[in-house]
Every structure is written in structure tokens, then in C-alpha cells.
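Structure below is model.cif: mmCIF, C-alpha atoms and all ligand atoms.
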```cif
data_start
loop_
_atom_site.label_atom_id
_atom_site.label_comp_id
_atom_site.auth_asym_id
_atom_site.auth_seq_id
_atom_site.Cartn_x
_atom_site.Cartn_y
_atom_site.Cartn_z
CA MET U 1 10.07 70.06 114.65
CA ASN U 2 13.45 70.46 116.39
CA ASP U 3 15.35 68.53 113.74
CA THR U 4 15.71 71.36 111.29
CA ALA U 5 17.57 69.27 108.72
CA ILE U 6 14.68 66.80 108.38
CA ALA U 7 12.05 69.54 108.75
CA ARG U 8 13.61 71.35 105.80
CA LEU U 9 13.56 68.18 103.68
CA ILE U 10 9.93 67.39 104.54
CA ALA U 11 8.94 70.94 103.59
CA ALA U 12 10.91 70.69 100.34
CA GLU U 13 9.21 67.42 99.40
CA GLU U 14 5.79 68.88 100.20
CA LYS U 15 6.59 71.83 97.95
CA ARG U 16 7.78 69.52 95.16
CA GLN U 17 4.54 67.56 95.32
CA ARG U 18 2.37 70.67 95.65
CA GLU U 19 3.90 72.54 92.72
CA GLY U 20 4.25 69.59 90.35
CA LEU U 21 2.15 66.89 88.77
CA GLU U 22 2.73 63.46 90.31
CA MET U 23 1.97 61.07 87.48
CA ILE U 24 3.67 57.91 88.67
CA PRO U 25 0.66 55.55 88.57
CA SER U 26 1.58 53.78 91.81
CA GLU U 27 1.53 57.04 93.77
CA ASN U 28 -1.22 59.10 95.32
CA HIS U 29 -1.84 61.85 97.91
CA THR U 30 -3.25 60.72 101.24
CA SER U 31 -5.74 62.63 103.37
CA SER U 32 -4.67 64.53 106.46
CA ASP U 33 -6.53 61.95 108.60
CA VAL U 34 -4.34 59.20 107.16
CA LEU U 35 -1.27 61.32 107.91
CA LYS U 36 -2.47 61.96 111.49
CA ALA U 37 -2.86 58.24 112.15
CA LEU U 38 0.60 57.61 110.71
CA GLY U 39 2.15 60.24 112.94
CA SER U 40 0.47 58.96 116.12
CA ARG U 41 1.74 57.30 119.33
CA LEU U 42 0.52 53.99 117.97
CA THR U 43 3.97 53.66 116.41
CA ASP U 44 5.46 53.20 119.90
CA LYS U 45 3.62 49.95 120.62
CA TYR U 46 4.83 46.38 120.19
CA SER U 47 2.09 43.81 119.60
CA GLU U 48 3.45 40.64 117.97
CA GLY U 49 0.60 38.26 117.27
CA TYR U 50 -3.03 38.96 116.43
CA PRO U 51 -5.87 40.64 118.39
CA GLY U 52 -6.56 38.54 121.48
CA ILE U 53 -3.39 36.44 121.03
CA ARG U 54 -0.42 38.75 121.57
CA TYR U 55 3.06 38.15 122.94
CA TYR U 56 2.99 41.55 124.69
CA GLY U 57 0.91 43.27 127.36
CA GLY U 58 -0.87 46.58 126.91
CA CYS U 59 -2.41 45.60 123.58
CA GLU U 60 -6.09 46.25 124.40
CA ILE U 61 -6.24 49.40 122.31
CA VAL U 62 -4.14 48.27 119.37
CA ASP U 63 -6.32 45.14 119.32
CA GLU U 64 -9.29 47.41 118.69
CA VAL U 65 -7.40 49.27 115.98
CA GLU U 66 -6.47 46.07 114.18
CA ASN U 67 -9.95 44.57 114.53
CA LEU U 68 -11.46 47.73 113.07
CA ALA U 69 -9.03 47.67 110.14
CA ARG U 70 -9.80 43.98 109.52
CA LYS U 71 -13.56 44.53 109.68
CA ARG U 72 -13.40 47.50 107.33
CA ALA U 73 -11.27 45.56 104.82
CA GLN U 74 -13.66 42.59 104.95
CA ALA U 75 -16.70 44.81 104.43
CA LEU U 76 -15.16 46.93 101.68
CA PHE U 77 -13.98 44.00 99.59
CA GLY U 78 -16.68 41.49 100.62
CA VAL U 79 -14.45 38.73 102.01
CA SER U 80 -14.52 36.79 105.28
CA HIS U 81 -10.85 37.24 106.18
CA ALA U 82 -8.35 40.09 106.02
CA ASN U 83 -4.79 40.24 107.28
CA VAL U 84 -3.82 43.90 107.63
CA GLN U 85 -0.31 43.38 108.99
CA PRO U 86 1.95 43.09 105.91
CA TYR U 87 4.54 45.84 106.09
CA SER U 88 4.15 46.46 102.36
CA GLY U 89 3.22 44.82 99.07
CA SER U 90 6.39 42.77 98.63
CA PRO U 91 6.24 41.09 102.06
CA ALA U 92 2.50 40.48 101.54
CA ASN U 93 3.32 38.59 98.36
CA MET U 94 6.19 36.76 100.07
CA ALA U 95 3.81 35.58 102.78
CA VAL U 96 1.41 34.23 100.14
CA TYR U 97 4.20 32.16 98.53
CA PHE U 98 5.12 30.75 101.92
CA ALA U 99 1.48 30.03 102.73
CA LEU U 100 0.78 28.17 99.49
CA ALA U 101 4.06 26.64 98.30
CA ASP U 102 7.37 25.21 99.49
CA PRO U 103 10.78 26.41 98.27
CA GLY U 104 11.56 24.70 94.98
CA ASP U 105 7.89 24.43 93.95
CA THR U 106 6.83 25.76 90.56
CA VAL U 107 5.10 29.15 90.57
CA MET U 108 3.95 31.47 87.81
CA GLY U 109 3.68 35.21 87.30
CA LEU U 110 3.76 37.93 84.64
CA GLU U 111 7.31 38.77 83.59
CA LEU U 112 8.52 42.13 84.91
CA TYR U 113 9.39 43.48 81.48
CA TYR U 114 5.85 42.79 80.29
CA GLY U 115 4.21 44.62 83.19
CA GLY U 116 4.55 42.22 86.14
CA HIS U 117 6.11 42.92 89.53
CA MET U 118 9.48 41.66 90.78
CA THR U 119 7.72 39.50 93.37
CA HIS U 120 5.85 37.67 90.62
CA GLY U 121 8.84 35.45 89.90
CA LEU U 122 11.72 37.65 88.67
CA LYS U 123 14.88 35.51 88.73
CA VAL U 124 16.83 37.91 90.95
CA ASN U 125 13.93 38.29 93.43
CA PHE U 126 13.22 35.78 96.24
CA SER U 127 10.23 34.60 94.17
CA GLY U 128 12.49 33.53 91.31
CA LYS U 129 15.39 32.34 93.46
CA TRP U 130 13.61 30.19 96.01
CA PHE U 131 10.87 28.93 93.71
CA ASN U 132 10.95 27.43 90.24
CA SER U 133 9.49 30.45 88.51
CA VAL U 134 7.81 30.18 85.13
CA GLN U 135 6.93 33.53 83.60
CA TYR U 136 4.14 34.38 81.20
CA ARG U 137 4.01 37.42 78.93
CA THR U 138 1.73 39.66 76.98
CA GLY U 139 1.29 39.21 73.24
CA LYS U 140 2.75 41.63 70.70
CA ASP U 141 -0.44 43.69 71.03
CA GLY U 142 0.34 44.31 74.71
CA TYR U 143 -2.68 42.34 75.96
CA LEU U 144 -2.21 39.39 78.27
CA ASP U 145 -1.83 36.25 76.12
CA TYR U 146 -4.36 33.98 77.84
CA GLY U 147 -3.84 31.16 75.34
CA ALA U 148 -0.07 31.02 75.85
CA MET U 149 -0.61 31.25 79.59
CA ALA U 150 -2.99 28.26 79.57
CA ALA U 151 -0.41 26.22 77.64
CA LEU U 152 2.29 27.11 80.19
CA VAL U 153 0.01 26.14 83.09
CA GLN U 154 -0.71 22.75 81.51
CA GLU U 155 2.97 22.16 80.87
CA HIS U 156 4.38 23.29 84.22
CA LYS U 157 1.50 22.74 86.66
CA PRO U 158 2.38 25.57 89.05
CA LYS U 159 1.33 25.48 92.70
CA LEU U 160 0.22 29.07 92.40
CA ILE U 161 -0.27 31.71 89.76
CA PHE U 162 0.18 35.39 90.52
CA VAL U 163 -1.91 37.72 88.38
CA GLY U 164 -1.42 41.44 88.67
CA ALA U 165 0.76 44.13 87.23
CA THR U 166 2.65 47.34 87.72
CA ALA U 167 2.38 48.41 84.09
CA TYR U 168 -0.67 46.93 82.40
CA PRO U 169 -3.26 49.36 80.99
CA ARG U 170 -6.14 46.91 80.52
CA VAL U 171 -8.54 44.97 82.76
CA PHE U 172 -7.99 41.40 83.94
CA ASP U 173 -10.53 38.76 82.98
CA TRP U 174 -10.66 37.02 86.35
CA GLN U 175 -12.97 34.21 85.29
CA LYS U 176 -10.76 33.33 82.33
CA LEU U 177 -7.78 33.34 84.69
CA ARG U 178 -9.66 31.11 87.16
CA ASP U 179 -10.33 28.63 84.35
CA ILE U 180 -6.64 28.67 83.43
CA ALA U 181 -5.57 28.08 87.06
CA ASP U 182 -8.06 25.21 87.29
CA LEU U 183 -6.25 23.42 84.43
CA ALA U 184 -3.61 22.47 87.00
CA GLN U 185 -5.54 22.95 90.27
CA SER U 186 -3.27 25.91 90.94
CA PHE U 187 -4.04 28.54 93.54
CA LEU U 188 -4.97 31.81 91.82
CA VAL U 189 -3.54 34.88 93.53
CA ALA U 190 -4.78 38.28 92.40
CA ASP U 191 -2.33 41.06 93.21
CA ILE U 192 -4.56 44.11 92.78
CA SER U 193 -2.05 46.57 94.25
CA HIS U 194 -2.41 49.02 91.38
CA ILE U 195 -6.14 48.74 90.86
CA ALA U 196 -7.56 48.17 94.36
CA GLY U 197 -9.13 51.64 94.45
CA LEU U 198 -10.73 51.03 91.06
CA VAL U 199 -12.02 47.64 92.21
CA VAL U 200 -13.73 49.06 95.32
CA ALA U 201 -15.11 51.93 93.24
CA GLY U 202 -16.57 49.48 90.71
CA ALA U 203 -14.32 50.87 87.97
CA HIS U 204 -12.49 47.54 87.41
CA PRO U 205 -13.89 43.98 87.70
CA SER U 206 -13.35 42.45 91.12
CA PRO U 207 -11.51 39.13 91.63
CA VAL U 208 -13.44 38.54 94.88
CA GLY U 209 -15.06 35.11 94.85
CA ILE U 210 -12.91 34.07 91.88
CA ALA U 211 -9.27 34.28 93.00
CA ASP U 212 -8.24 32.24 96.05
CA VAL U 213 -6.16 34.98 97.60
CA ILE U 214 -6.01 38.70 96.94
CA THR U 215 -3.10 40.91 97.88
CA THR U 216 -2.99 44.65 97.60
CA THR U 217 -0.84 47.52 98.64
CA THR U 218 -2.82 50.22 100.40
CA HIS U 219 -0.90 53.23 99.08
CA LYS U 220 -1.75 53.32 95.39
CA THR U 221 -5.26 53.88 93.99
CA LEU U 222 -6.65 52.89 97.42
CA ARG U 223 -5.12 56.17 98.67
CA GLY U 224 -3.93 54.95 102.07
CA PRO U 225 -0.56 54.81 103.81
CA ARG U 226 2.25 52.58 102.55
CA GLY U 227 1.24 49.08 103.58
CA ALA U 228 -0.65 46.05 102.32
CA ILE U 229 -3.47 43.66 103.09
CA ILE U 230 -4.16 40.05 102.18
CA LEU U 231 -7.76 38.95 101.61
CA CYS U 232 -9.35 35.52 101.32
CA ASN U 233 -12.32 33.37 102.27
CA GLY U 234 -12.37 30.15 104.28
CA LEU U 235 -12.74 28.78 107.81
CA PRO U 236 -12.07 31.24 110.63
CA SER U 237 -8.33 31.65 111.17
CA ASN U 238 -6.56 29.83 113.96
CA PRO U 239 -2.98 31.11 113.75
CA LEU U 240 -1.94 28.97 116.72
CA LYS U 241 -2.46 25.76 114.71
CA ARG U 242 -0.70 24.32 111.70
CA ALA U 243 -3.08 23.80 108.78
CA GLU U 244 -3.12 21.59 105.73
CA ARG U 245 -2.74 23.45 102.41
CA VAL U 246 -6.37 23.38 101.29
CA LYS U 247 -8.69 26.24 100.33
CA GLU U 248 -10.79 26.16 103.54
CA ASN U 249 -7.61 26.81 105.53
CA LEU U 250 -6.50 29.88 103.59
CA PRO U 251 -7.13 32.32 106.49
CA THR U 252 -4.97 30.26 108.87
CA LEU U 253 -2.30 29.64 106.22
CA ILE U 254 -2.03 33.36 105.47
CA ASP U 255 -2.00 34.46 109.10
CA ARG U 256 0.69 31.93 110.03
CA ALA U 257 2.77 32.92 107.01
CA ILE U 258 2.81 36.56 108.21
CA ILE U 259 3.65 35.67 111.81
CA PRO U 260 5.54 33.55 112.82
CA GLY U 261 6.50 32.94 109.17
CA LEU U 262 7.79 36.31 108.11
CA GLN U 263 7.23 39.35 110.28
CA GLY U 264 7.53 40.47 113.88
CA GLY U 265 5.56 43.31 115.42
CA PRO U 266 2.85 44.91 113.31
CA HIS U 267 3.15 48.62 112.56
CA ASN U 268 0.14 49.82 114.54
CA HIS U 269 0.28 53.41 113.30
CA GLN U 270 0.18 52.03 109.77
CA THR U 271 -2.72 49.71 110.63
CA ALA U 272 -4.68 52.68 111.99
CA ALA U 273 -3.94 54.69 108.86
CA ILE U 274 -5.07 51.76 106.71
CA ALA U 275 -8.31 51.67 108.70
CA VAL U 276 -8.82 55.37 108.00
CA ALA U 277 -8.19 54.90 104.29
CA LEU U 278 -10.60 51.95 104.13
CA HIS U 279 -13.27 54.10 105.78
CA GLU U 280 -12.65 56.85 103.22
CA ALA U 281 -12.80 54.33 100.37
CA ALA U 282 -16.20 53.13 101.64
CA GLN U 283 -17.76 56.57 101.17
CA PRO U 284 -19.94 57.22 98.09
CA ALA U 285 -17.50 59.90 96.89
CA PHE U 286 -14.84 57.24 96.38
CA LYS U 287 -16.91 55.58 93.66
CA GLU U 288 -16.88 58.86 91.79
CA TYR U 289 -13.14 59.15 92.43
CA GLY U 290 -12.48 55.73 90.84
CA ARG U 291 -14.67 56.56 87.86
CA GLN U 292 -12.88 59.88 87.36
CA ILE U 293 -9.41 58.27 87.53
CA VAL U 294 -10.35 56.10 84.54
CA ALA U 295 -12.10 58.92 82.67
CA ASN U 296 -9.00 61.08 83.13
CA ALA U 297 -6.68 58.31 81.93
CA LYS U 298 -8.84 57.76 78.83
CA THR U 299 -8.86 61.49 78.05
CA LEU U 300 -5.10 61.68 78.44
CA ALA U 301 -4.67 58.60 76.25
CA ALA U 302 -6.86 60.02 73.48
CA ALA U 303 -5.12 63.41 73.59
CA LEU U 304 -1.63 61.88 73.41
CA SER U 305 -2.62 59.42 70.67
CA SER U 306 -3.96 62.30 68.60
CA VAL U 307 -0.48 63.85 68.51
CA GLY U 308 1.24 60.65 67.47
CA TYR U 309 2.12 58.89 70.73
CA GLU U 310 2.05 55.10 70.54
CA LEU U 311 0.22 53.66 73.51
CA VAL U 312 0.78 50.01 74.38
CA THR U 313 -2.55 48.25 73.55
CA GLY U 314 -3.66 51.49 71.87
CA GLY U 315 -5.21 53.01 75.00
CA THR U 316 -6.25 52.29 78.57
CA ASP U 317 -9.08 50.83 80.64
CA ASN U 318 -7.63 51.76 83.99
CA HIS U 319 -5.50 54.41 85.71
CA LEU U 320 -2.34 54.18 83.62
CA LEU U 321 -0.81 54.62 80.20
CA LEU U 322 2.26 52.91 78.87
CA ILE U 323 3.83 54.84 76.01
CA ASP U 324 6.34 53.43 73.55
CA LEU U 325 8.49 56.41 72.56
CA THR U 326 10.42 54.68 69.78
CA ASN U 327 8.63 56.64 67.03
CA LYS U 328 9.38 59.90 68.87
CA ASN U 329 13.13 59.24 68.78
CA ILE U 330 13.59 59.66 72.51
CA LYS U 331 14.49 57.09 75.17
CA GLY U 332 12.30 56.59 78.24
CA ALA U 333 15.02 57.95 80.52
CA ASP U 334 15.38 61.17 78.52
CA ALA U 335 11.62 61.67 78.44
CA GLU U 336 11.45 61.10 82.22
CA LYS U 337 14.16 63.73 82.67
CA ALA U 338 12.55 66.29 80.36
CA LEU U 339 9.16 65.84 81.99
CA GLY U 340 10.75 66.12 85.43
CA MET U 341 12.29 69.45 84.46
CA ALA U 342 8.82 70.55 83.37
CA GLY U 343 7.35 69.64 86.77
CA ILE U 344 5.71 66.39 85.60
CA THR U 345 6.91 63.27 87.40
CA VAL U 346 6.66 59.99 85.47
CA ASN U 347 8.91 56.95 85.23
CA LYS U 348 10.77 55.27 82.42
CA ASN U 349 9.45 51.78 81.74
CA THR U 350 9.95 48.81 79.48
CA VAL U 351 7.31 48.16 76.85
CA PRO U 352 6.42 44.60 75.71
CA PHE U 353 9.15 43.16 73.44
CA ASP U 354 11.31 46.22 74.16
CA SER U 355 14.27 46.51 71.82
CA ARG U 356 16.19 48.45 74.48
CA PRO U 357 17.66 47.02 77.73
CA PRO U 358 15.43 46.97 80.88
CA PHE U 359 17.55 49.60 82.69
CA ASP U 360 17.37 51.94 79.69
CA PRO U 361 13.96 51.17 78.18
CA SER U 362 11.92 52.61 75.31
CA GLY U 363 8.88 53.76 77.21
CA ILE U 364 7.35 55.78 80.01
CA ARG U 365 4.52 54.90 82.37
CA LEU U 366 2.16 57.53 83.68
CA GLY U 367 -1.12 57.59 85.53
CA THR U 368 -3.92 59.74 86.88
CA PRO U 369 -4.64 58.69 90.51
CA ALA U 370 -2.79 61.57 92.21
CA LEU U 371 -4.03 64.28 89.84
CA THR U 372 -7.59 63.00 90.26
CA THR U 373 -7.20 63.21 94.04
CA ARG U 374 -6.39 66.91 93.55
CA GLY U 375 -9.68 67.36 91.71
CA MET U 376 -8.39 67.52 88.15
CA LYS U 377 -10.76 66.41 85.41
CA GLU U 378 -10.88 65.99 81.62
CA THR U 379 -10.16 69.66 80.87
CA GLU U 380 -6.95 69.56 82.88
CA MET U 381 -5.97 66.24 81.25
CA GLU U 382 -6.16 67.88 77.81
CA GLN U 383 -3.82 70.57 79.11
CA VAL U 384 -1.48 68.03 80.73
CA ALA U 385 -1.26 66.10 77.43
CA GLN U 386 -0.17 69.29 75.68
CA TRP U 387 2.53 69.93 78.29
CA ILE U 388 3.75 66.33 78.03
CA ASP U 389 4.05 66.64 74.26
CA ARG U 390 5.75 70.04 74.46
CA ALA U 391 8.22 68.82 77.11
CA ILE U 392 9.15 65.68 75.18
CA THR U 393 9.59 67.71 72.00
CA ALA U 394 11.70 70.26 73.89
CA HIS U 395 13.90 67.73 75.69
CA GLY U 396 17.36 69.12 76.33
CA ASN U 397 16.11 72.71 76.07
CA GLU U 398 16.22 73.95 79.65
CA LYS U 399 14.62 77.28 78.91
CA LYS U 400 11.55 75.78 77.26
CA LEU U 401 11.21 73.14 79.99
CA THR U 402 11.41 75.77 82.74
CA ALA U 403 8.69 77.76 80.99
CA ILE U 404 6.41 74.69 81.05
CA LYS U 405 7.23 74.17 84.71
CA GLN U 406 5.96 77.66 85.48
CA GLU U 407 2.69 76.95 83.67
CA VAL U 408 2.34 73.66 85.54
CA ARG U 409 2.91 75.43 88.83
CA ALA U 410 0.24 78.02 88.04
CA LEU U 411 -2.32 75.26 87.42
CA THR U 412 -1.47 73.40 90.63
CA GLU U 413 -2.41 76.46 92.69
CA ALA U 414 -6.04 75.80 91.81
CA PHE U 415 -5.76 72.12 92.82
CA PRO U 416 -4.27 71.90 96.32
CA LEU U 417 -3.08 68.67 97.94
CA PRO U 418 -5.70 67.16 100.32
CA ASN U 419 -5.79 68.83 103.73
C1 LIG P 501 1.51 44.78 91.48
C2 LIG P 501 2.42 45.12 92.64
N1 LIG P 501 2.61 44.21 93.60
C3 LIG P 501 3.42 44.46 94.64
C4 LIG P 501 4.08 45.66 94.76
C5 LIG P 501 5.02 45.82 95.91
O1 LIG P 501 4.66 46.79 96.81
P1 LIG P 501 5.74 47.49 97.75
O2 LIG P 501 6.50 48.43 96.89
O3 LIG P 501 4.88 48.12 98.79
O4 LIG P 501 6.61 46.39 98.33
C6 LIG P 501 3.90 46.64 93.80
C7 LIG P 501 4.60 47.93 93.91
O5 LIG P 501 4.86 48.63 93.00
C8 LIG P 501 3.05 46.36 92.69
O6 LIG P 501 2.86 47.26 91.72
#
```
Produce C-alpha cells that represent the structure in this file.
Amino acid sequence: MNDTAIARLIAAEEKRQREGLEMIPSENHTSSDVLKALGSRLTDKYSEGYPGIRYYGGCEIVDEVENLARKRAQALFGVSHANVQPYSGSPANMAVYFALADPGDTVMGLELYYGGHMTHGLKVNFSGKWFNSVQYRTGKDGYLDYGAMAALVQEHKPKLIFVGATAYPRVFDWQKLRDIADLAQSFLVADISHIAGLVVAGAHPSPVGIADVITTTTHKTLRGPRGAIILCNGLPSNPLKRAERVKENLPTLIDRAIIPGLQGGPHNHQTAAIAVALHEAAQPAFKEYGRQIVANAKTLAAALSSVGYELVTGGTDNHLLLIDLTNKNIKGADAEKALGMAGITVNKNTVPFDSRPPFDPSGIRLGTPALTTRGMKETEMEQVAQWIDRAITAHGNEKKLTAIKQEVRALTEAFPLPN
């Protein structure tokens, strides 16, 4: 690369990832095939529209790329329609709001501070500003409070209900959620961004056939490039026609919400990389990968609990752990910093009913997708739990934290990033 300044930064980031433990649960390490597709000439091409109906010439090949990505998404998840164009998870969710509701309509989602995402109705996000957002929460035990949610649905009758989370360590009961949505004939939208890889691996129940619309980012447990897809069932899409807001028309409503509703030209390099990731996720080995992510998270949870860490809900069913550090007398931010100095990347996070402010919360969130991609298993998780405990105990002590970092680095040599 001729741009030495950027080349140096790319190399430095690769080194940081290689020599450390990436434990932010929304992150992962992609394959070199995904990276090749991302770095391809496909990025040069404009192709507003959909395969066969483009506003630009020269789209024969990118049409094939997008059709392949769509077909692979449909087959992998078992749905009749997939839109693979959303630039990322937030615009995918935005498109779903526009497809299913009008500005000012009532919508519902899990409150950010209880594990939801900003786009699920946070007041300072478009979803809370342009829509009348009603937010549900978890109970004191950290589990989704289905009873309270049902009462809110009956009271507010939302047009749509977003279900999904960025920091929820348990599984979603999709059928129960469907029944709750049906109390007000609301559309049920499953945002499986965090758990998509677990869903396709059979390591988390699937909302397919239960939720009306499913959105997911492609870059988390699904292990693809940054991007997103929207999945649904219904009549074949006709993005050239306006469609009434009924379930049969979901494919057309979604496609029209993406373009002309929200986006311009699709990112064809990203679409190709998504297609590669979907192919990888369809291989038998991916089932084992999903199973191992959860097994690793459970091992980590048990090891940390055994040395006094308080896990929200008492454990995990998926890829992540949410730890309330109040009893350890350390704030989330200080733990994040100490762990960072020890070569372990996590993020500070609110815990349900946090007594501290959202920007300076009581907890940390950590997960196992990236470590599992590197081939780490239960034995390594036991070791990682020990390092986490030592680093949190040693916070502020640079010498001790640097010593842990060296041990971490030694382990990572045996678990290279994918090539
Ligand atoms: C549940 C959920 N939905 C949506 C998003 C948004 O994705 P992006 O960051 O790609 O916009 C995230 C990202 O963290 C997420 O966790």
C-alpha cells in the first residue's frame, strides 16, 4: 500500500487484535474470503435498485452477486424473502419502521439501559423522536418481564414491537412474544443482530415463522462483514408498486422502504462479502461453532461466578455475560480500562436498574464469539476468567496489568486470527 500512514494503522490494528482477546460480544473475526470480497472492485459499481430493475447500466454481474446473497440468506434462514442491501443494522431497523409505521405512530422496544438497542425507541434516536416510543424493561432478575410487556401492549397498542438486544444473556421466547404482539395486532420484529449466528447454528431458538420481520447485522455472531439483512415471508416483492400495509405485502414494503425510502446505491463489495459469510455459515462446521460459543460463555460464566462475580440473571444461555461489578467496588469504566491494559477488550455497560448513570455504569459486557472463532475452548475460558479476575483486582497497578498482558499475548500465539 502506498499510503504508509494508513498502512501503518491497519498493521497496528491487526497486531492489537492478534495479540489481545477481543471480548466485545458484538465483534468477531472474519475469514480471509470475506476480507477479499470486501476489498474487491465491486466497491466501484453503482447499482441503485434491485437485480433486474436498476437505474444504472453495467449491473449484470452485481445482479448475480446480489441474487446469490439473497438466495443464500433465504436458504440459510428458511424464509421466502431477503433484502441484503441495508448498509448496517441501524438503517435496516429504520427501514422496518418506515415500512410498517408512519411518523407519530406508537412503537415499542426494549429500553437501552435494560439491554435494548438505540434503534428500539431510545428518545434521542430517530426511533424515539419520530415515533411515539413506549419502552419495556426486564424485571429485577434481569429476565424480560413478559407480563409487564403484555400489559403495555394492551394499553398502548403499538403498530410494531421490536424484540432483540445488545446486552441480554438469555434466550427469547418467540412464541410468547408473538402472543403478546397479537394482543394488539402489532407487527412483531425480531432483531437478531447479536444472535443470528447462534440461530443458524441451532444454538438459540429461531423466530422464523413466528416474527413478521427479522433484521440482523451480518458482522456479529454471523461472522460476516459489517452490514445487515432483513428477512420476511409474503408475496413476491414488487418494489415498483406501492403496497398496502398487510402481512402478505411485507417483501414489497421492506424493499420499498430501503430504496427509494432510505438508501441509494447498494454497497456491492459488502453484498458479496455477506454472500461469502452466508455460505460459510451454511457449512456443518458452523453448527459446531455456534454450539462452542455458548459452551464457552457458560464456562466463563461459571468460572467468574465461582470467584464472586455477580452475573445479571445469574448466568448465560447465549454468547454474552453481563456482570454487575457493584460488589467488587469497581465501576464498569475502570474495569474496562484495567482489562484493556491486560490485553482483554470488553465494554462498560449498564445493568438493569443500574444505580449509576448510563455514561458511567456499574457493569461490563463480554462475550465469546471472537475467541471461539480463534479456536479457544473451555480450557482457555477457565484461564481467561482467571485473567479477568486478576486484572479487575489489580486495577490501577500498571505493572501487574502489563504482566497479565504478556501472558495473554503468549496464549494468542497458539490461536491465530483466521487466514
Ligand atoms: C440488537 C442490535 N440491533 C441493531 C444494531 C445496529 O447495528 P449497526 O451498529 O450495524 O448499525 C446493533 C449493534 O450493536 C444491535 O446490537
For range 69-97 of chain U against range 234-256 of chain U, with a cut-off of 7 Å and counting only C-alpha atoms, what is the closest atom pair and its distance in Å to one decimal for every residue that makes the cut, ordered by chain and number, as a Markdown table?
```
| residue | atom | partner | partner_atom | distance |
| --- | --- | --- | --- | --- |
| U:His81 | CA | U:Pro251 | CA | 6.2 |
| U:Asn83 | CA | U:Asp255 | CA | 6.7 |
| U:Ala95 | CA | U:Ile254 | CA | 6.8 |
| U:Val96 | CA | U:Ile254 | CA | 6.4 |
```
Worksheet item: Out of U:Val199, U:Ala303, U:Ala167, U:Met108, which residue has the shortest atom-to-atom distance to Leu321 in chain U when counting only C-alpha atoms?
Response: U:Ala167
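Distances to ligand LIG 501 (chain P) were evaluated for U:Arg356, U:His120, U:His156, U:Lys348 using all atoms listed in the file, and the minimum falls at U:His120.
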Fill in: Shell of 6 Å around ligand LIG 501 (chain P) (all atoms listed in the file), written as JSON, numbers by chain
{"U": [88, 89, 90, 117, 164, 165, 166, 191, 193, 194, 217]}
Worksheet item: Which one of U:Ile274, U:Ala101, U:Leu262, U:Ile404 sits closest to Met341 in chain U if you count only C-alpha atoms?
Response: U:Ile404
Worksheet item: What does the distance from CA of Thr402 in chain U to CA of Lys328 in chain U come to in Å, to one decimal?
Response: 21.2 Å
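Nearest residue to Thr372 in chain U, choosing from U:Ala151, U:Ala7, U:Ile293, U:Val163 and counting only C-alpha atoms: U:Ile293.
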Worksheet, complete the sentence: Counting only C-alpha atoms, the residue among U:Phe359, U:Phe77, U:Tyr143, U:Tyr114 that lies closest to Lys331 in chain U is U:Phe359
Discussion item. Just want the 9 Å neighbourhood of Pro207 in chain U, counted on all atoms listed in the file, with same-chain residues fewer than 5 positions away dropped. Output as an MDAnalysis selection string.
Written reply: chainID U and resid 172:175 190 192 199 212 214
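Here CA of Thr271 in chain U is placed at a distance of 11.2 Å from CA of Ser40 in chain U.
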Can you tell me which residues surround Gly142 in chain U at a distance of at most 7 Å, considering all atoms listed in the file, apart from same-chain residues fewer than 6 positions away, and format the answer as an mmCIF file with C-alpha atoms, in the frame of the given file?
```cif
data_model
loop_
_atom_site.group_PDB
_atom_site.id
_atom_site.type_symbol
_atom_site.label_atom_id
_atom_site.label_comp_id
_atom_site.auth_asym_id
_atom_site.auth_seq_id
_atom_site.Cartn_x
_atom_site.Cartn_y
_atom_site.Cartn_z
ATOM 1 C CA VAL U 312 0.780 50.010 74.380
ATOM 2 C CA THR U 313 -2.550 48.250 73.550
ATOM 3 C CA PRO U 352 6.420 44.600 75.710
#
```
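Using only C-alpha atoms, the smallest distance between any of U:Thr326, U:Thr373, U:Gln74, U:Thr119 and Ala282 in chain U comes from U:Gln74.
Residues within 9 Å of range 45-49 of chain U, counting only C-alpha atoms and excluding same-chain residues fewer than 2 positions away, are Arg41, Leu42, Thr43, Pro51, Gly52, Ile53, Arg54, Tyr55, Tyr56, Gly57, Gly58, Cys59, Val62, Asp63, Pro239, Ile259, Pro260, Gln263, Gly264, Gly265, Pro266, His267, Asn268 and His269 of chain U.
Neighbours of Leu68 in chain U closer than or equal to 10 Å, with only C-alpha atoms counted and sequence neighbours fewer than 2 positions away skipped, come out as Val62, Asp63, Glu64, Val65, Glu66, Arg70, Lys71, Arg72, Ala73, Gln74, Thr271, Ala272, Ile274, Ala275, Val276, Leu278 and His279 of chain U.
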Discussion item. Give me, as a ChimeraX atom specification, all polymer residues having an atom no more than 9 Å from range 135-139 of chain U, counting only C-alpha atoms and skipping those fewer than 4 positions away in the same chain.
Written reply: /U:107-116,120-122,143-146,148-149,152,352-353
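CA of Val134 in chain U is found 15.6 Å from CA of Leu183 in chain U.
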